[in-house]
Structure formats: structure tokens, C-alpha cells
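Trainee: So that we are looking at the same thing, I have put the structure below in C-alpha cells.
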Amino acid sequence: MGGIFGVASKSDCSLDLFFGVDYHSHLGTRKGGLAVLKSDGTFERSIHNIQNSPFRTKFEDDIESMQGSMGIGCISDNEPQPLLVHSHLGNFAITTVGVVTNKNELVAEILKQGNTHFLEMSGGEINQTELIIALMNQKDSITEGILFVQEKIKGSLTMLIMTKEGIYGARDKLGRTPLQVGRKKDAFCLSFESFAYINLGYTDYHELGPGEIVYLTSEEMKILNEPRKEMKICTFLWVYFGYPTSSYEGVNVEQMRYNCGRFLARRDKGHINPDSIAGVPDSGTAHAIGYANESGIPFSRPFIKYTPTWPRSFLPTNQSQRALIAHMKLIPVQPLIKNKNILLIDDSIVRGTQLRETTDFLYQSGAKEVHVRPACPPIMFGCKYLNFSRSTSDYDLITRRIIKEREGLQVSPETLQEYCNPDSKKYSEMLDTIKDSLHFTTLRYHRLDDMLDSVGIDKCNMCTYCWNGIE
């Protein structure tokens, strides 16, 4: 995923920038970067690999020298950022978050025009943010360039651009990712996560709408492009990505997850009676609390995540490494497992490998039954807009592997929709196969309609592509 943060201040902004970016560390673990405008009018930048140590430890020495009145920074899962640019649009720093799915086509189109080049990263990839710069430079102003980028790309893109005069903030054209403005005396900030600026003394000032472009100085915020009407914000922001204290479109992440658990409990009422409700740490915990509160069944923590030395298991690209890390950091609490019937809630099931190993781990620790309740519907399509459930093939998804085994390679869109329908026979049979292959006692997914009701905003404004294939 990734996260971005920027500050425009009348005084030194370095500490606000440092902590504001650090508060986005839950969104990625590969690259971190900062850029500031120094008092002499020059830009200074620092980028570090943060795969094996936290953002703070890599940047705490740099920030001593990176003092200035404006700055932007990012946590990135992919390319190094921010980039510093000298072009006919002037000198600026830029950082982005999102996925451009037609990157190769756009690169080829630009190269065909001639007289330009792209630097290659390790592995031969083009830095996505460098592509954005190349597109912007085809226009006569930064604002025109941003609008051109929004029309040309497929996927999603939210960005910050820092010039020597101020900071541009632009939310993705369909608002798939958020961007929010905070304000305090003599300073404004722009942030992916709304909670990232609260402890820095800022208060909520403005949440950008889809495609909206704003311009910040230390004194004011100007709207350069009004928000568009259509929005498709990623629903996984609430289900999984977002930090519990964040809010998007006025809806708090933690509260939404309680709502999810409550709906799951209502669907289960009268069907099962477990001894306790547990969440897979950490993203399943709030959903489990909501279930326990609604059902009256005690919430427990049958295993504790050991976090001081183990990174998040979601991000390593190697499956065996993900599985090993997931296993190593979960420590069992034997008295809460032995001879117990446990209902376990996770945020989602993608490939199923980790959750099967977690379930087996509970059985090996003495559990009698393990009932599983994912906090979202079955994932049927790889995400085309962000990097959740992105893979080389939809057949990496456990649902699509099972459908392939049942239907063969050629599956019509109509048949796929039957498997998406929680009231269909094919859906029920698919769940039975998943349950057996992952060693669950019972399995019931969150229904799409219940999940969207758990958020509570207009359903037309939420992206549901990975569950029903509707763009």
C-alpha cells in the first residue's frame, strides 16, 4: 500500500514531518523517504531501506540536518521516494501512493515520442513516480500536469508535490485512497491517515474528495480542482489496511470493525455456541470484539503476537518467509486453548496458507473446534487498484483454485457471479471445500451487503471489485 505525509509551516517542520511519516509505518515496510525545503531554498532528501529496522531508527540521525519550513515524505512498498525534479515546471519534490496498472503502455508511449529516458531500478522496473513526472512535464503547469496524469493512468494514484512556494495535494481520481488536511497555528499538513497529525497538535481541517487538488502554504489552503462526483474508495481501508484510530469519509476504522463483528454474530445466532471469540492479531481483533459484544460470548486471546522483533507477515514477497514469520510471532496461551471450542476471526482469506497453519497450531495446542469467520466476503478477483491480493494470477486465490478444480479453466462471468452469491448452491459448495481444505470446523464469511452496511456510507461510493468483480 504505502502512505504519504507533508507539512507547510512558518517554522521548522522537521519533527512534524518525521513523526507524521512514521505514523504511516503500518502501511509498508520496504522504503521510507523524506524531502525538505531548507532555509537556503534548496531541497534535501533522504531515502532508506526499512525492511529490517523501523523508520525511526533509520531517519533519526538524518532529521537533525533536515530542517526547513516545508517537507514531504512517504512509506513505500515499492520504489524509492520522494524524487527531486528539475524541469520546465520548476524545481519540486514529489511522492505518490497507488498502483498504475498501465505503466508499461504509458512508458512505451512516452519513449515513442522520443528525446527522453527512464532510469531503471533493480530488476529492470521503471520507478512509477518517475513515470508520473514524465506525464506531468507534457503540460504547462503543475495543476494541468496532475489533471493529465489523472486522465491517463489506470489503477489509482494520490500524490504530494512540494515546490519552493507550497505543497500540492491530489487525491486519486476515484478516491480509492484518502488524503486529509490538518491545521494548527502557522502550519498545515496533508496526510494519508487522519490520526497521524493529531498528536502533533493539528486538528481536522479538510478531507479531499475524489480527484480534488489543493495547494497549501503555511497560511492557507486553496482548492485548485473541485472534487468529482464519482467515488470508489477501497473498502479494505476499513477491513484491514487502516490503523484503528483513522477515519475515512467520516467513518472510524475501529468502529467499523466492531460493526463487522456484530453482523457476523447476528448471522451465527442459534447455529454455534463456542467457548470464546478470538481475533487473529492484530487486524482480526476489533472484529472479534464486536462479535463478542453482540453475542455475549467471552472474548479471549488464545495466542499473543510477539512484536518487538518480528515484522508484519503480510509484506514479504516470498510465501515461505511469510508463513514462517506468521508462525514464529504467535505464542500460544495453553489454558485458553486446551479443550476449548474457539471462534476465530481474521480480516480475510487470500491464499489460505497462513490461516490453515494458524488453525492447525490451535489444534496442536489442544483446541477441540476452530470455527472461522473472515471479516469480508470471499476474495474472487485480484485487486487492480492497490496492492492487496495482487498476484501474478487470480489462481493464487484459494477461491479461484477451487472454482478451477470444479469448473475447469474456462469459467464464464455468469458462473463466477454464482460463486459470488452467498445464497447460491455453488457458493455453499465452495465454502465447504475451503473449510475442509483449511481444516476449519465451520466457515462463514462476512456477506457483502452486511460488510457495506458495517461501513455505513453510500454503497455506490465503495470499491468491491475483489469480491464481485464490479468495477
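Ordering of the C-alpha cells sets the chain letters (A, B, ...), residue numbers begin anew at 1 in every chain, and ligands are numbered from 1 in the order given.
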Using only C-alpha atoms, which protein or nucleic acid residues come within 8 Å of Met256 of chain A? Drop anything in the same chain fewer than 4 positions from it, and give the result as a list in words.
Mentor: Trp238, Val239, Val251, Asn252, Cys260, Ser454 and Val455 of chain A
Trainee: Can you pull out the residues contacting segment 2-4 of chain A? Cut-off 7 Å, using only C-alpha atoms, and skip same-chain residues under 3 positions away; I want them as a ChimeraX atom specification.
Mentor: /A:21,24,27-28,73-77,97,191-192
Trainee: I want to know what sits within 8 Å of Tyr291 of chain A, based on only C-alpha atoms, with residues of the same chain fewer than 6 positions away left out; could you give that as a list in words?
Mentor: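 Those residues are Tyr258, Cys260, Gly261, Arg262, Phe263, Leu264, Ala265 and Ile277 of chain A.
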Trainee: When distances are computed from only C-alpha atoms, which of A:Asp396, A:Glu165, A:Gly290, A:Asn273 shows the smallest separation from His371 of chain A?
Mentor: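 Nearest to His371 of chain A: A:Asn273.
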Trainee: Show which residues sit within 10 Å of Tyr248 of chain A, as a list in words. Count only C-alpha atoms, and ignore same-chain residues fewer than 3 positions away.
Mentor: Thr177, Pro178, Leu179, Gln180, Phe192, Glu193, Ser194, Glu207, Ile233, Thr235, Leu237, Trp238, Gly242, Val251, Asn252, Val253 and Val455 of chain A
Trainee: Between A:Lys103, A:Arg176, A:Lys305, A:Arg400, which has the minimum distance to Leu330 of chain A (counting only C-alpha atoms)?
Mentor: A:Lys305
Trainee: Report, in Å to a single decimal, how far apart atom CA of Ser53 of chain A and atom CA of Ile345 of chain A are.
Mentor: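 Those two atoms sit 29.2 Å apart.
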Trainee: Between A:Met380, A:Ile403, A:Leu34, A:Ile337, which residue has the minimum interatomic distance to Lys426 of chain A, considering only C-alpha atoms?
Mentor: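 For Lys426 of chain A, the nearest of the candidates is A:Ile403.
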Trainee: Pick out the closest residue to Leu355 of chain A from this set: A:Pro377, A:Gly296, A:Gly279, A:Pro413. Count only C-alpha atoms.
Mentor: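 So, comparing all the options, the nearest one is A:Gly279.
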Trainee: Quick one: distance from atom CA of Asp275 of chain A to atom CA of Tyr240 of chain A in Å, one decimal?
Mentor: 25.7 Å
Trainee: For the helix (DSSP H, G or I) assignment from backbone DSSP, which residues of segment 212-377 of chain A qualify? Please present them as a ChimeraX atom specification.
Mentor: /A:236-241,253-268,285-295,319-328,334-336,353-364
Trainee: When you look at Asp432 of chain A with a cut-off of 12 Å (counting only C-alpha atoms), what residues show up, excluding the ones that are within fewer than 6 positions of it in the same chain? I need them as a list in words.
Mentor: Thr399, Ile402, Lys425, Lys426, Leu438, His439, Phe440, Thr441, Thr442, Leu443, Arg444 and Tyr445 of chain A
Trainee: Near Asn49 of chain A, counting only C-alpha atoms, which residues have an atom at most 10 Å away, once you skip same-chain residues fewer than 3 positions from it, shown as a ChimeraX atom specification?
Mentor: /A:29-33,52-55,58,76,80
Trainee: With only C-alpha atoms as the counted atoms, please give the residues lying no more than 12 Å from Leu119 of chain A, apart from itself and same-chain residues fewer than 3 positions off, as a PyMOL selection string.
Mentor: chain A and resi 79+107+116+122-131+134
Trainee: In Å, with one decimal, what is the gap from atom CA of Leu362 of chain A to atom CA of Ser283 of chain A?
Mentor: 18.2 Å
Trainee: Run DSSP on the backbone of this structure and report the residues of segment 182-326 of chain A it assigns to strand (DSSP E), as number ranges by chain.
Mentor: A: 182-184, 187-191, 203-207, 213-216, 221-225, 233-234, 247-248, 251-252, 276-279, 303-305
Trainee: Between A:Lys184, A:Lys139, A:Lys232, A:Arg356, which is the closest to Glu471 of chain A once you count only C-alpha atoms?
Mentor: A:Lys232
Trainee: Which one is closest to Asp61 of chain A: A:Ile331, A:Leu15, A:Leu37, A:Leu431? Count only C-alpha atoms.
Mentor: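 Among A:Ile331, A:Leu15, A:Leu37, A:Leu431, it is A:Leu15 that comes nearest to Asp61 of chain A.
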